[in-house]
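Okay, entry-v7.cif is below, mmCIF, C-alpha atoms and all ligand atoms:
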data_structure
#
loop_
_atom_site.group_PDB
_atom_site.id
_atom_site.type_symbol
_atom_site.label_atom_id
_atom_site.label_comp_id
_atom_site.auth_asym_id
_atom_site.auth_seq_id
_atom_site.Cartn_x
_atom_site.Cartn_y
_atom_site.Cartn_z
ATOM 1 C CA MET A 1 0.000 0.000 0.000
ATOM 2 C CA ALA A 2 1.483 3.378 -1.102
ATOM 3 C CA ARG A 3 1.862 6.089 1.529
ATOM 4 C CA PRO A 4 1.081 9.739 0.774
ATOM 5 C CA PRO A 5 4.427 11.511 0.278
ATOM 6 C CA ILE A 6 4.121 13.930 3.186
ATOM 7 C CA ASP A 7 7.632 13.399 4.547
ATOM 8 C CA ASP A 8 10.001 15.819 2.816
ATOM 9 C CA GLY A 9 7.173 16.556 0.350
ATOM 10 C CA VAL A 10 5.306 19.636 -0.829
ATOM 11 C CA VAL A 11 1.886 19.826 0.832
ATOM 12 C CA LEU A 12 -0.980 22.160 -0.041
ATOM 13 C CA LEU A 13 -3.447 22.509 2.833
ATOM 14 C CA THR A 14 -6.707 24.447 2.484
ATOM 15 C CA GLY A 15 -8.658 25.922 5.378
ATOM 16 C CA ALA A 16 -5.504 26.297 7.480
ATOM 17 C CA SER A 17 -6.614 29.414 9.373
ATOM 18 C CA SER A 18 -8.736 27.603 11.963
ATOM 19 C CA GLY A 19 -10.106 24.348 13.346
ATOM 20 C CA ILE A 20 -9.081 21.021 11.848
ATOM 21 C CA GLY A 21 -6.915 22.672 9.170
ATOM 22 C CA LEU A 22 -4.884 24.663 11.692
ATOM 23 C CA GLU A 23 -4.199 21.508 13.703
ATOM 24 C CA LEU A 24 -3.289 19.587 10.539
ATOM 25 C CA ALA A 25 -0.758 22.340 9.747
ATOM 26 C CA ARG A 26 0.863 21.877 13.170
ATOM 27 C CA LEU A 27 1.301 18.151 12.481
ATOM 28 C CA LEU A 28 2.427 18.555 8.871
ATOM 29 C CA ALA A 29 5.107 21.246 9.344
ATOM 30 C CA PRO A 30 7.639 18.996 11.140
ATOM 31 C CA ARG A 31 7.346 16.483 8.283
ATOM 32 C CA ALA A 32 6.941 18.434 5.043
ATOM 33 C CA ARG A 33 9.648 20.258 3.056
ATOM 34 C CA VAL A 34 7.148 22.890 1.898
ATOM 35 C CA LEU A 35 3.770 23.562 3.476
ATOM 36 C CA ALA A 36 1.426 25.908 1.598
ATOM 37 C CA LEU A 37 -1.330 27.350 3.785
ATOM 38 C CA VAL A 38 -4.534 28.533 2.088
ATOM 39 C CA ALA A 39 -7.549 30.380 3.543
ATOM 40 C CA ARG A 40 -9.009 33.885 3.265
ATOM 41 C CA ARG A 41 -7.803 35.339 6.589
ATOM 42 C CA GLU A 42 -4.221 36.262 5.766
ATOM 43 C CA ALA A 43 -3.339 37.613 9.229
ATOM 44 C CA ARG A 44 -4.152 34.269 10.810
ATOM 45 C CA LEU A 45 -2.083 32.400 8.216
ATOM 46 C CA THR A 46 0.849 34.746 8.776
ATOM 47 C CA ALA A 47 0.694 34.213 12.548
ATOM 48 C CA LEU A 48 0.540 30.446 11.965
ATOM 49 C CA LYS A 49 3.531 30.619 9.602
ATOM 50 C CA ARG A 50 5.569 32.333 12.358
ATOM 51 C CA GLU A 51 4.558 29.659 14.859
ATOM 52 C CA LEU A 52 5.332 26.776 12.466
ATOM 53 C CA GLU A 53 8.679 28.170 11.368
ATOM 54 C CA GLY A 54 9.685 28.425 15.034
ATOM 55 C CA ALA A 55 8.625 24.847 15.752
ATOM 56 C CA ALA A 56 9.792 23.308 12.447
ATOM 57 C CA PRO A 57 12.615 25.433 11.000
ATOM 58 C CA ARG A 58 13.350 22.940 8.181
ATOM 59 C CA CYS A 59 9.903 23.455 6.659
ATOM 60 C CA LYS A 60 9.315 26.305 4.228
ATOM 61 C CA VAL A 61 5.862 27.685 5.033
ATOM 62 C CA LEU A 62 4.029 29.597 2.291
ATOM 63 C CA VAL A 63 1.069 31.858 3.042
ATOM 64 C CA LEU A 64 -1.366 31.905 0.118
ATOM 65 C CA PRO A 65 -4.524 33.866 0.920
ATOM 66 C CA ALA A 66 -7.358 32.942 -1.434
ATOM 67 C CA ASP A 67 -11.118 32.639 -1.632
ATOM 68 C CA LEU A 68 -11.555 29.086 -2.901
ATOM 69 C CA ALA A 69 -15.204 29.756 -3.714
ATOM 70 C CA ASP A 70 -13.931 32.184 -6.355
ATOM 71 C CA ARG A 71 -12.249 30.780 -9.475
ATOM 72 C CA ALA A 72 -10.106 33.856 -10.239
ATOM 73 C CA SER A 73 -8.803 33.978 -6.666
ATOM 74 C CA THR A 74 -8.094 30.219 -6.748
ATOM 75 C CA ASP A 75 -6.244 30.496 -10.061
ATOM 76 C CA ALA A 76 -4.124 33.403 -8.798
ATOM 77 C CA MET A 77 -3.209 31.381 -5.686
ATOM 78 C CA LEU A 78 -2.322 28.283 -7.747
ATOM 79 C CA ASP A 79 -0.265 30.285 -10.227
ATOM 80 C CA ALA A 80 1.732 31.841 -7.365
ATOM 81 C CA LEU A 81 2.249 28.434 -5.735
ATOM 82 C CA LEU A 82 3.249 26.610 -8.911
ATOM 83 C CA ALA A 83 5.691 29.399 -9.823
ATOM 84 C CA GLU A 84 7.380 28.863 -6.446
ATOM 85 C CA THR A 85 7.221 25.053 -6.415
ATOM 86 C CA PRO A 86 5.920 23.345 -9.572
ATOM 87 C CA GLU A 87 5.446 19.862 -8.086
ATOM 88 C CA ILE A 88 2.773 19.427 -5.427
ATOM 89 C CA ASP A 89 2.985 16.043 -3.699
ATOM 90 C CA VAL A 90 -0.021 16.186 -1.385
ATOM 91 C CA LEU A 91 -3.310 18.084 -1.520
ATOM 92 C CA ILE A 92 -5.486 18.329 1.576
ATOM 93 C CA ASN A 93 -8.918 19.702 0.675
ATOM 94 C CA ASN A 94 -10.086 20.730 4.140
ATOM 95 C CA ALA A 95 -11.696 24.177 3.610
ATOM 96 C CA GLY A 96 -15.454 24.001 3.868
ATOM 97 C CA PHE A 97 -18.447 25.267 5.776
ATOM 98 C CA GLY A 98 -22.025 24.355 6.606
ATOM 99 C CA ASP A 99 -25.335 26.162 6.819
ATOM 100 C CA MET A 100 -27.960 25.077 9.300
ATOM 101 C CA ASP A 101 -31.450 26.027 8.154
ATOM 102 C CA LEU A 102 -34.612 24.778 6.525
ATOM 103 C CA PHE A 103 -33.648 24.744 2.871
ATOM 104 C CA GLU A 104 -36.473 26.997 1.639
ATOM 105 C CA LEU A 105 -35.498 29.653 4.204
ATOM 106 C CA ALA A 106 -31.736 29.480 3.641
ATOM 107 C CA ASP A 107 -29.884 32.524 2.368
ATOM 108 C CA TRP A 108 -29.216 31.676 -1.296
ATOM 109 C CA ALA A 109 -25.947 33.625 -1.433
ATOM 110 C CA LYS A 110 -24.591 31.529 1.458
ATOM 111 C CA THR A 111 -25.881 28.289 -0.107
ATOM 112 C CA GLU A 112 -24.241 29.122 -3.420
ATOM 113 C CA LYS A 113 -20.939 30.005 -1.752
ATOM 114 C CA MET A 114 -21.055 26.718 0.153
ATOM 115 C CA LEU A 115 -21.540 24.791 -3.091
ATOM 116 C CA ARG A 116 -18.714 26.717 -4.764
ATOM 117 C CA LEU A 117 -16.334 25.972 -1.888
ATOM 118 C CA ASN A 118 -17.322 22.479 -0.703
ATOM 119 C CA VAL A 119 -17.922 21.013 -4.180
ATOM 120 C CA ASP A 120 -16.579 23.160 -7.015
ATOM 121 C CA GLY A 121 -13.435 24.394 -5.238
ATOM 122 C CA LEU A 122 -12.468 20.922 -4.033
ATOM 123 C CA LEU A 123 -13.055 19.421 -7.469
ATOM 124 C CA TYR A 124 -11.123 22.168 -9.262
ATOM 125 C CA LEU A 125 -8.040 22.040 -7.024
ATOM 126 C CA THR A 126 -7.960 18.264 -7.319
ATOM 127 C CA HIS A 127 -8.273 18.456 -11.097
ATOM 128 C CA ARG A 128 -5.491 21.047 -11.418
ATOM 129 C CA LEU A 129 -3.013 19.067 -9.292
ATOM 130 C CA LEU A 130 -3.833 15.416 -9.902
ATOM 131 C CA GLY A 131 -2.371 15.124 -13.424
ATOM 132 C CA GLY A 132 1.126 15.954 -12.141
ATOM 133 C CA MET A 133 0.828 13.436 -9.298
ATOM 134 C CA VAL A 134 -0.255 10.653 -11.676
ATOM 135 C CA ALA A 135 2.536 11.495 -14.144
ATOM 136 C CA ARG A 136 5.113 11.317 -11.302
ATOM 137 C CA ARG A 137 3.410 8.165 -9.908
ATOM 138 C CA ARG A 138 3.567 9.793 -6.483
ATOM 139 C CA GLY A 139 0.994 11.783 -4.604
ATOM 140 C CA GLY A 140 -1.761 12.000 -2.050
ATOM 141 C CA VAL A 141 -5.190 13.603 -1.815
ATOM 142 C CA LEU A 142 -7.050 13.843 1.490
ATOM 143 C CA ASN A 143 -10.584 15.184 1.145
ATOM 144 C CA VAL A 144 -12.359 16.345 4.270
ATOM 145 C CA SER A 145 -15.949 15.189 3.954
ATOM 146 C CA SER A 146 -18.060 14.571 7.067
ATOM 147 C CA GLY A 147 -20.302 12.078 8.823
ATOM 148 C CA ALA A 148 -22.857 14.180 6.929
ATOM 149 C CA GLY A 149 -21.393 12.690 3.744
ATOM 150 C CA MET A 150 -22.369 9.198 4.871
ATOM 151 C CA ALA A 151 -25.681 9.853 6.606
ATOM 152 C CA PHE A 152 -28.694 12.166 6.445
ATOM 153 C CA PHE A 153 -30.413 14.178 9.151
ATOM 154 C CA PRO A 154 -32.624 17.289 9.283
ATOM 155 C CA GLY A 155 -31.620 20.953 9.242
ATOM 156 C CA PHE A 156 -28.595 20.681 6.949
ATOM 157 C CA ALA A 157 -29.978 19.560 3.559
ATOM 158 C CA ALA A 158 -27.678 21.498 1.231
ATOM 159 C CA TYR A 159 -24.558 20.916 3.372
ATOM 160 C CA ILE A 160 -25.340 17.190 3.504
ATOM 161 C CA GLY A 161 -25.703 17.256 -0.288
ATOM 162 C CA THR A 162 -22.245 18.825 -0.675
ATOM 163 C CA LYS A 163 -20.639 16.272 1.626
ATOM 164 C CA HIS A 164 -22.389 13.333 -0.090
ATOM 165 C CA PHE A 165 -20.796 14.691 -3.252
ATOM 166 C CA VAL A 166 -17.356 14.729 -1.614
ATOM 167 C CA THR A 167 -17.777 11.202 -0.268
ATOM 168 C CA GLY A 168 -19.012 9.726 -3.562
ATOM 169 C CA PHE A 169 -16.409 11.589 -5.609
ATOM 170 C CA THR A 170 -13.569 10.534 -3.337
ATOM 171 C CA GLU A 171 -14.563 6.865 -3.244
ATOM 172 C CA ALA A 172 -14.793 6.751 -7.038
ATOM 173 C CA LEU A 173 -11.567 8.721 -7.521
ATOM 174 C CA ARG A 174 -9.736 6.321 -5.231
ATOM 175 C CA LEU A 175 -10.862 3.422 -7.431
ATOM 176 C CA ASP A 176 -9.792 5.229 -10.599
ATOM 177 C CA LEU A 177 -6.348 5.887 -9.116
ATOM 178 C CA SER A 178 -5.641 2.450 -7.708
ATOM 179 C CA GLY A 179 -2.224 1.265 -8.865
ATOM 180 C CA THR A 180 -1.084 4.766 -9.896
ATOM 181 C CA GLY A 181 0.924 5.545 -6.737
ATOM 182 C CA VAL A 182 -1.509 8.298 -5.738
ATOM 183 C CA VAL A 183 -3.201 7.720 -2.364
ATOM 184 C CA VAL A 184 -6.764 9.018 -2.040
ATOM 185 C CA SER A 185 -8.427 9.114 1.383
ATOM 186 C CA GLN A 186 -11.328 10.889 2.973
ATOM 187 C CA LEU A 187 -11.935 12.090 6.499
ATOM 188 C CA CYS A 188 -15.524 11.843 7.762
ATOM 189 C CA PRO A 189 -15.662 13.345 11.247
ATOM 190 C CA GLY A 190 -18.644 13.699 13.506
ATOM 191 C CA PRO A 191 -18.820 16.861 15.617
ATOM 192 C CA VAL A 192 -15.474 18.615 16.138
ATOM 193 C CA ALA A 193 -15.006 21.707 18.340
ATOM 194 C CA THR A 194 -14.058 24.395 15.775
ATOM 195 C CA GLU A 195 -15.579 27.567 14.320
ATOM 196 C CA PHE A 196 -17.848 25.358 12.171
ATOM 197 C CA GLU A 197 -20.973 25.856 14.324
ATOM 198 C CA GLU A 198 -20.514 29.625 14.503
ATOM 199 C CA VAL A 199 -20.293 29.814 10.693
ATOM 200 C CA ALA A 200 -23.132 27.319 10.081
ATOM 201 C CA GLY A 201 -25.461 29.032 12.539
ATOM 202 C CA ASN A 202 -27.481 27.093 15.089
ATOM 203 C CA PHE A 203 -31.071 28.095 15.777
ATOM 204 C CA THR A 204 -31.782 25.050 17.960
ATOM 205 C CA GLY A 205 -29.941 26.170 21.086
ATOM 206 C CA MET A 206 -28.650 22.580 21.317
ATOM 207 C CA SER A 207 -25.034 21.546 20.927
ATOM 208 C CA PRO A 208 -23.588 18.194 19.856
ATOM 209 C CA PRO A 209 -23.265 15.710 22.761
ATOM 210 C CA LYS A 210 -19.853 16.154 24.409
ATOM 211 C CA LEU A 211 -19.466 12.366 24.352
ATOM 212 C CA VAL A 212 -19.059 12.285 20.573
ATOM 213 C CA GLU A 213 -17.377 15.670 20.076
ATOM 214 C CA LEU A 214 -13.637 15.627 19.336
ATOM 215 C CA SER A 215 -11.096 18.395 19.699
ATOM 216 C CA ALA A 216 -9.659 19.680 16.425
ATOM 217 C CA ALA A 217 -6.221 18.446 17.522
ATOM 218 C CA ALA A 218 -7.479 14.882 18.138
ATOM 219 C CA CYS A 219 -9.344 14.891 14.821
ATOM 220 C CA ALA A 220 -6.262 16.075 12.900
ATOM 221 C CA LYS A 221 -4.058 13.438 14.554
ATOM 222 C CA LYS A 222 -6.428 10.615 13.637
ATOM 223 C CA ALA A 223 -6.843 12.022 10.131
ATOM 224 C CA LEU A 224 -3.116 11.942 9.421
ATOM 225 C CA ARG A 225 -2.687 8.516 10.973
ATOM 226 C CA GLY A 226 -5.378 7.138 8.664
ATOM 227 C CA PHE A 227 -4.012 8.989 5.625
ATOM 228 C CA ASP A 228 -0.474 7.697 6.332
ATOM 229 C CA ARG A 229 -1.907 4.182 6.328
ATOM 230 C CA GLY A 230 -3.693 4.801 3.031
ATOM 231 C CA ARG A 231 -7.130 4.262 4.574
ATOM 232 C CA ALA A 232 -10.063 4.865 2.207
ATOM 233 C CA LEU A 233 -12.344 6.242 4.917
ATOM 234 C CA ILE A 234 -11.258 7.780 8.202
ATOM 235 C CA VAL A 235 -13.975 8.193 10.848
ATOM 236 C CA PRO A 236 -12.163 9.631 13.883
ATOM 237 C CA GLY A 237 -13.312 8.703 17.399
ATOM 238 C CA ALA A 238 -14.332 5.195 18.476
ATOM 239 C CA LEU A 239 -17.863 6.214 19.428
ATOM 240 C CA MET A 240 -18.481 8.074 16.187
ATOM 241 C CA TRP A 241 -17.125 5.108 14.259
ATOM 242 C CA LEU A 242 -19.645 2.853 16.033
ATOM 243 C CA VAL A 243 -22.494 5.318 15.376
ATOM 244 C CA MET A 244 -21.631 5.459 11.659
ATOM 245 C CA ARG A 245 -21.369 1.662 11.409
ATOM 246 C CA ALA A 246 -24.739 1.249 13.158
ATOM 247 C CA ALA A 247 -26.308 3.874 10.857
ATOM 248 C CA GLU A 248 -24.931 2.106 7.776
ATOM 249 C CA ARG A 249 -26.451 -1.182 8.916
ATOM 250 C CA THR A 250 -29.866 0.358 9.621
ATOM 251 C CA PRO A 251 -32.235 0.277 6.620
ATOM 252 C CA ARG A 252 -32.949 3.695 5.127
ATOM 253 C CA TRP A 253 -36.677 3.409 5.804
ATOM 254 C CA VAL A 254 -35.979 2.851 9.521
ATOM 255 C CA ARG A 255 -33.673 5.875 9.610
ATOM 256 C CA ARG A 256 -36.359 7.999 7.870
ATOM 257 C CA LEU A 257 -38.957 6.819 10.367
ATOM 258 C CA LEU A 258 -36.745 7.614 13.354
ATOM 259 C CA LEU A 259 -35.689 11.024 12.043
ATOM 260 C CA THR A 260 -39.130 12.290 10.953
ATOM 261 C CA PRO A 261 -40.421 13.394 14.403
ATOM 262 C CA PHE A 262 -37.084 15.102 15.071
ATOM 263 C CA ALA A 263 -37.312 16.888 11.689
ATOM 264 C CA ARG A 264 -40.843 18.115 12.454
ATOM 265 C CA ALA A 265 -39.802 19.408 15.879
ATOM 266 C CA LEU A 266 -36.829 21.159 14.288
ATOM 267 C CA ARG A 267 -39.068 22.838 11.674
ATOM 268 C CA ALA A 268 -41.428 24.072 14.397
ATOM 269 C CA LYS A 269 -38.483 25.416 16.411
ATOM 270 C CA ARG A 270 -37.031 27.198 13.368
ATOM 271 C CA LEU A 271 -40.358 28.855 12.576
ATOM 272 C CA ARG A 272 -40.590 30.085 16.192
ATOM 273 C CA SER A 273 -36.957 31.279 16.252
ATOM 274 C CA SER A 274 -35.913 34.910 15.969
ATOM 275 C CA LYS A 275 -33.798 34.181 12.869
ATOM 276 C CA PRO A 276 -35.406 35.977 9.899
ATOM 277 C CA ALA A 277 -37.331 33.698 7.527
HETATM 278 N N1 LIG A 301 -16.348 20.906 12.927
HETATM 279 C C1 LIG A 301 -17.143 19.888 12.625
HETATM 280 O O1 LIG A 301 -18.007 19.473 13.438
HETATM 281 C C2 LIG A 301 -16.988 19.177 11.299
HETATM 282 C C3 LIG A 301 -17.564 17.910 11.158
HETATM 283 C C4 LIG A 301 -17.438 17.242 9.949
HETATM 284 C C5 LIG A 301 -16.748 17.831 8.904
HETATM 285 N N2 LIG A 301 -16.200 19.073 9.057
HETATM 286 C C6 LIG A 301 -15.485 19.652 7.900
HETATM 287 O O2 LIG A 301 -14.171 19.973 8.309
HETATM 288 C C7 LIG A 301 -13.646 20.989 7.449
HETATM 289 C C8 LIG A 301 -12.958 22.034 8.298
HETATM 290 O O3 LIG A 301 -13.917 22.702 9.083
HETATM 291 P P1 LIG A 301 -13.674 23.116 10.608
HETATM 292 O O4 LIG A 301 -14.600 22.333 11.424
HETATM 293 O O5 LIG A 301 -12.234 23.109 10.934
HETATM 294 O O6 LIG A 301 -14.284 24.601 10.562
HETATM 295 P P2 LIG A 301 -13.612 26.037 10.701
HETATM 296 O O7 LIG A 301 -12.887 26.155 12.001
HETATM 297 O O8 LIG A 301 -14.718 27.004 10.431
HETATM 298 O O9 LIG A 301 -12.548 26.085 9.522
HETATM 299 C C9 LIG A 301 -12.929 26.228 8.164
HETATM 300 C C10 LIG A 301 -11.721 26.618 7.335
HETATM 301 O O10 LIG A 301 -12.152 26.783 5.977
HETATM 302 C C11 LIG A 301 -11.688 28.050 5.504
HETATM 303 N N3 LIG A 301 -12.582 28.622 4.508
HETATM 304 C C12 LIG A 301 -13.908 28.909 4.645
HETATM 305 N N4 LIG A 301 -14.383 29.507 3.541
HETATM 306 C C13 LIG A 301 -13.318 29.598 2.678
HETATM 307 C C14 LIG A 301 -13.158 30.120 1.378
HETATM 308 N N5 LIG A 301 -14.202 30.685 0.711
HETATM 309 N N6 LIG A 301 -11.945 30.067 0.793
HETATM 310 C C15 LIG A 301 -10.898 29.523 1.464
HETATM 311 N N7 LIG A 301 -10.979 28.996 2.688
HETATM 312 C C16 LIG A 301 -12.176 29.042 3.296
HETATM 313 C C17 LIG A 301 -11.657 28.924 6.761
HETATM 314 O O11 LIG A 301 -10.718 29.985 6.577
HETATM 315 P P3 LIG A 301 -11.090 31.518 6.244
HETATM 316 O O12 LIG A 301 -12.391 31.823 6.928
HETATM 317 O O13 LIG A 301 -9.915 32.260 6.790
HETATM 318 O O14 LIG A 301 -11.164 31.577 4.763
HETATM 319 C C18 LIG A 301 -11.120 27.939 7.785
HETATM 320 O O15 LIG A 301 -9.718 27.886 7.723
HETATM 321 C C19 LIG A 301 -14.841 21.497 6.632
HETATM 322 O O16 LIG A 301 -14.763 20.944 5.332
HETATM 323 C C20 LIG A 301 -16.048 20.958 7.386
HETATM 324 O O17 LIG A 301 -17.151 20.756 6.537
HETATM 325 C C21 LIG A 301 -16.302 19.751 10.238
#
Output the file's structure as structure tokens, nothing else.
Ligand SMILES: NC(=O)c1ccc[n+]([C@@H]2O[C@H](COP(=O)([O-])OP(=O)(O)OC[C@H]3O[C@@H](n4cnc5c(N)ncnc54)[C@H](OP(=O)(O)O)[C@@H]3O)[C@@H](O)[C@H]2O)c1
Amino acid sequence: MARPPIDDGVVLLTGASSGIGLELARLLAPRARVLALVARREARLTALKRELEGAAPRCKVLVLPADLADRASTDAMLDALLAETPEIDVLINNAGFGDMDLFELADWAKTEKMLRLNVDGLLYLTHRLLGGMVARRRGGVLNVSSGAGMAFFPGFAAYIGTKHFVTGFTEALRLDLSGTGVVVSQLCPGPVATEFEEVAGNFTGMSPPKLVELSAAACAKKALRGFDRGRALIVPGALMWLVMRAAERTPRWVRRLLLTPFARALRAKRLRSSKPA
């Protein structure tokens, strides 16, 4: 089984300014030769670069601010990166966000941006960089999907759609690339304590059970361990892994039946909430 060429390699990491991506950067810097950090908030990336260069002086850290939901911004970032280092060994598509709402009430601009980032941006970056990896017979792609890419539940319809895309795409891509030397894995976490909830919004007043919630650092550690081993699907956290396995083994009609009362209660709560409809 091939290993993703992280050690002494050139790694492009998206969504490095917070959460899981920031913790991945802390684990990657001591191993990579070049680590390119992408997100929109440049000041955060610059502060992270200073921290990483102190902790891992052998790694060259590049700060590449870009809006990955915007093609022109993505192209400008890639052109700058490829001019500096033409061969990218590993791509980690981590940037993404969710939107919690009833779909008909969701802000369309936010929904569209989510699609552009979670689906289009991930697909485009992978397409731009994969050809080189295949030609060199060496590479790795880690896509950050979600438990929401394997399951369905109310309040997150469009986000769940984007993550089902990532999960299906990544599984199929992995098959297409078997035997090429390019490792393709996906990370499907349950709840992780990051800025995700703040960005997604939460009108329910409820938070994920602490029992299944992971820290971003623990999630990143398990993600890289699974990626290093060439795992197809990484579900971090023993309890979450059990929940996902049980969900997979439960017929869809049973899951629909169980989730329907919860969905109705959620709709009623949303319509009573102060969030504008
Ligand atoms: N936290 C969870 O419970 C959870 C569970 C399952 C899956 N996930 C997935 O994990 C990934 C990381 O999320 P997180 O939980 O670490 O959330 P987070 O703390 O909000 O981090 C999201 C990252 O994505 C970047 N990003 C957002 N919009 C962007 C854009 N238009 N262009 C470039 N970068 C952008 C953000 O940077 P800027 O704002 O600086 O651009 C940030 O670095 C996402 O794909 C998410 O769907 C999270």
Just want the 6 Å neighbourhood of Val141 of chain A, counted on only C-alpha atoms, with same-chain residues fewer than 5 positions away dropped. Output as a PDB file with C-alpha atoms, in the frame of the given file.
ATOM      1  CA  VAL A  90      -0.021  16.186  -1.385  1.00  0.00           C
ATOM      2  CA  LEU A  91      -3.310  18.084  -1.520  1.00  0.00           C
ATOM      3  CA  ILE A  92      -5.486  18.329   1.576  1.00  0.00           C
ATOM      4  CA  VAL A 184      -6.764   9.018  -2.040  1.00  0.00           C
TER       5      VAL A 184
END
Q) Contacts of Ala69 of chain A at 8 Å or less, counting all atoms listed in the file, minus same-chain residues fewer than 3 places along, as a PyMOL selection string? A) chain A and resi 74+113-114+116-117+120-121
Q: Take the point (-29.1, 7.5, 7.6) in the file's coordinates, draw a sphere of radius 8 Å around it, and report as a list in words every protein, DNA or RNA residue with an atom inside or on it, counting only C-alpha atoms.
A: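 These residues have at least one counted atom within 8 Å: Met150, Ala151, Phe152, Phe153, Ala247, Glu248, Thr250, Pro251, Arg252, Arg255 and Arg256 of chain A.
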Restricted to C-alpha atoms, what would the selected residues look like written as an mmCIF file, in the frame of the given file?
data_model
loop_
_atom_site.group_PDB
_atom_site.id
_atom_site.type_symbol
_atom_site.label_atom_id
_atom_site.label_comp_id
_atom_site.auth_asym_id
_atom_site.auth_seq_id
_atom_site.Cartn_x
_atom_site.Cartn_y
_atom_site.Cartn_z
ATOM 1 C CA MET A 150 -22.369 9.198 4.871
ATOM 2 C CA ALA A 151 -25.681 9.853 6.606
ATOM 3 C CA PHE A 152 -28.694 12.166 6.445
ATOM 4 C CA PHE A 153 -30.413 14.178 9.151
ATOM 5 C CA ALA A 247 -26.308 3.874 10.857
ATOM 6 C CA GLU A 248 -24.931 2.106 7.776
ATOM 7 C CA THR A 250 -29.866 0.358 9.621
ATOM 8 C CA PRO A 251 -32.235 0.277 6.620
ATOM 9 C CA ARG A 252 -32.949 3.695 5.127
ATOM 10 C CA ARG A 255 -33.673 5.875 9.610
ATOM 11 C CA ARG A 256 -36.359 7.999 7.870
#
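In this structure, atom CA of Glu53 of chain A sits 20.3 Å away from atom CA of Arg40 of chain A.
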(Q) Could you check the closest approach to ligand LIG 301 (chain A) for each of A:Ser17, A:Thr111, A:Ser273, A:Ser207 and tell me which residue wins, using all atoms listed in the file? (A)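 Distance minimum relative to ligand LIG 301 (chain A) lands on A:Ser17.
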(Q) Applying 9 Å and all atoms listed in the file, which residues near Ala25 of chain A remain after dropping the ones on its own chain fewer than 3 positions away? List them as a ChimeraX atom specification. (A) /A:13,16,20-22,28-29,35,37,48,52,220
For the residues selected in the previous step, produce a file with C-alpha atoms as a short mmCIF file (atom, residue, chain, number, x, y, z; two decimals), in the frame of the given file.
data_model
loop_
_atom_site.label_atom_id
_atom_site.label_comp_id
_atom_site.auth_asym_id
_atom_site.auth_seq_id
_atom_site.Cartn_x
_atom_site.Cartn_y
_atom_site.Cartn_z
CA LEU A 13 -3.45 22.51 2.83
CA ALA A 16 -5.50 26.30 7.48
CA ILE A 20 -9.08 21.02 11.85
CA GLY A 21 -6.92 22.67 9.17
CA LEU A 22 -4.88 24.66 11.69
CA LEU A 28 2.43 18.56 8.87
CA ALA A 29 5.11 21.25 9.34
CA LEU A 35 3.77 23.56 3.48
CA LEU A 37 -1.33 27.35 3.78
CA LEU A 48 0.54 30.45 11.96
CA LEU A 52 5.33 26.78 12.47
CA ALA A 220 -6.26 16.08 12.90
#
Q: Enumerate as a VMD selection string the residues within 8 Å of ligand LIG 301 (chain A), counting only C-alpha atoms and all ligand atoms.
A: chain A and resid 14 to 22 38 to 42 44 to 45 65 to 70 93 to 98 113 to 114 117 to 118 144 to 148 163 187 to 199 213 216
Q: Run through the PyMOL selection byres (((chain A and resi 228-232) around 7) and not hetatm) on the given coordinates and return the selected residues as a ChimeraX atom specification.
A: /A:1-4,183-186,224-227,233-234
Could you write out the selected residues, including C-alpha atoms, as a PDB file, in the coordinates of the input?
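Wrote it out as result-v7.pdb, contents follow:
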ATOM      1  CA  MET A   1       0.000   0.000   0.000  1.00  0.00           C
ATOM      2  CA  ALA A   2       1.483   3.378  -1.102  1.00  0.00           C
ATOM      3  CA  ARG A   3       1.862   6.089   1.529  1.00  0.00           C
ATOM      4  CA  PRO A   4       1.081   9.739   0.774  1.00  0.00           C
ATOM      5  CA  VAL A 183      -3.201   7.720  -2.364  1.00  0.00           C
ATOM      6  CA  VAL A 184      -6.764   9.018  -2.040  1.00  0.00           C
ATOM      7  CA  SER A 185      -8.427   9.114   1.383  1.00  0.00           C
ATOM      8  CA  GLN A 186     -11.328  10.889   2.973  1.00  0.00           C
ATOM      9  CA  LEU A 224      -3.116  11.942   9.421  1.00  0.00           C
ATOM     10  CA  ARG A 225      -2.687   8.516  10.973  1.00  0.00           C
ATOM     11  CA  GLY A 226      -5.378   7.138   8.664  1.00  0.00           C
ATOM     12  CA  PHE A 227      -4.012   8.989   5.625  1.00  0.00           C
ATOM     13  CA  LEU A 233     -12.344   6.242   4.917  1.00  0.00           C
ATOM     14  CA  ILE A 234     -11.258   7.780   8.202  1.00  0.00           C
TER      15      ILE A 234
END
At a cut-off of 8 Å, can you tabulate as CSV every residue of segment 80-99 of chain A near segment 130-137 of chain A together with its closest atom pair and the distance in Å to one decimal, using only C-alpha atoms and ordering rows by chain then number?
residue,atom,partner,partner_atom,distance
A:Glu87,CA,A:Gly132,CA,7.1
A:Ile88,CA,A:Met133,CA,7.4
A:Asp89,CA,A:Met133,CA,6.5
**Q.** Residue neighbourhood Thr85 of chain A, 12 Å, all atoms listed in the file, exclusion window fewer than 5 positions, as an NGL selection string
**A.** :A and (9-12 or 33-36 or 60-62 or 78-80)
Using C-alpha atoms, can you write the selected residues to a file as a CSV table (one decimal), in the frame of the given file?
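Once written, out.csv looks like this:
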chain,number,residue,atom,x,y,z
A,9,GLY,CA,7.2,16.6,0.4
A,10,VAL,CA,5.3,19.6,-0.8
A,11,VAL,CA,1.9,19.8,0.8
A,12,LEU,CA,-1.0,22.2,0.0
A,33,ARG,CA,9.6,20.3,3.1
A,34,VAL,CA,7.1,22.9,1.9
A,35,LEU,CA,3.8,23.6,3.5
A,36,ALA,CA,1.4,25.9,1.6
A,60,LYS,CA,9.3,26.3,4.2
A,61,VAL,CA,5.9,27.7,5.0
A,62,LEU,CA,4.0,29.6,2.3
A,78,LEU,CA,-2.3,28.3,-7.7
A,79,ASP,CA,-0.3,30.3,-10.2
A,80,ALA,CA,1.7,31.8,-7.4
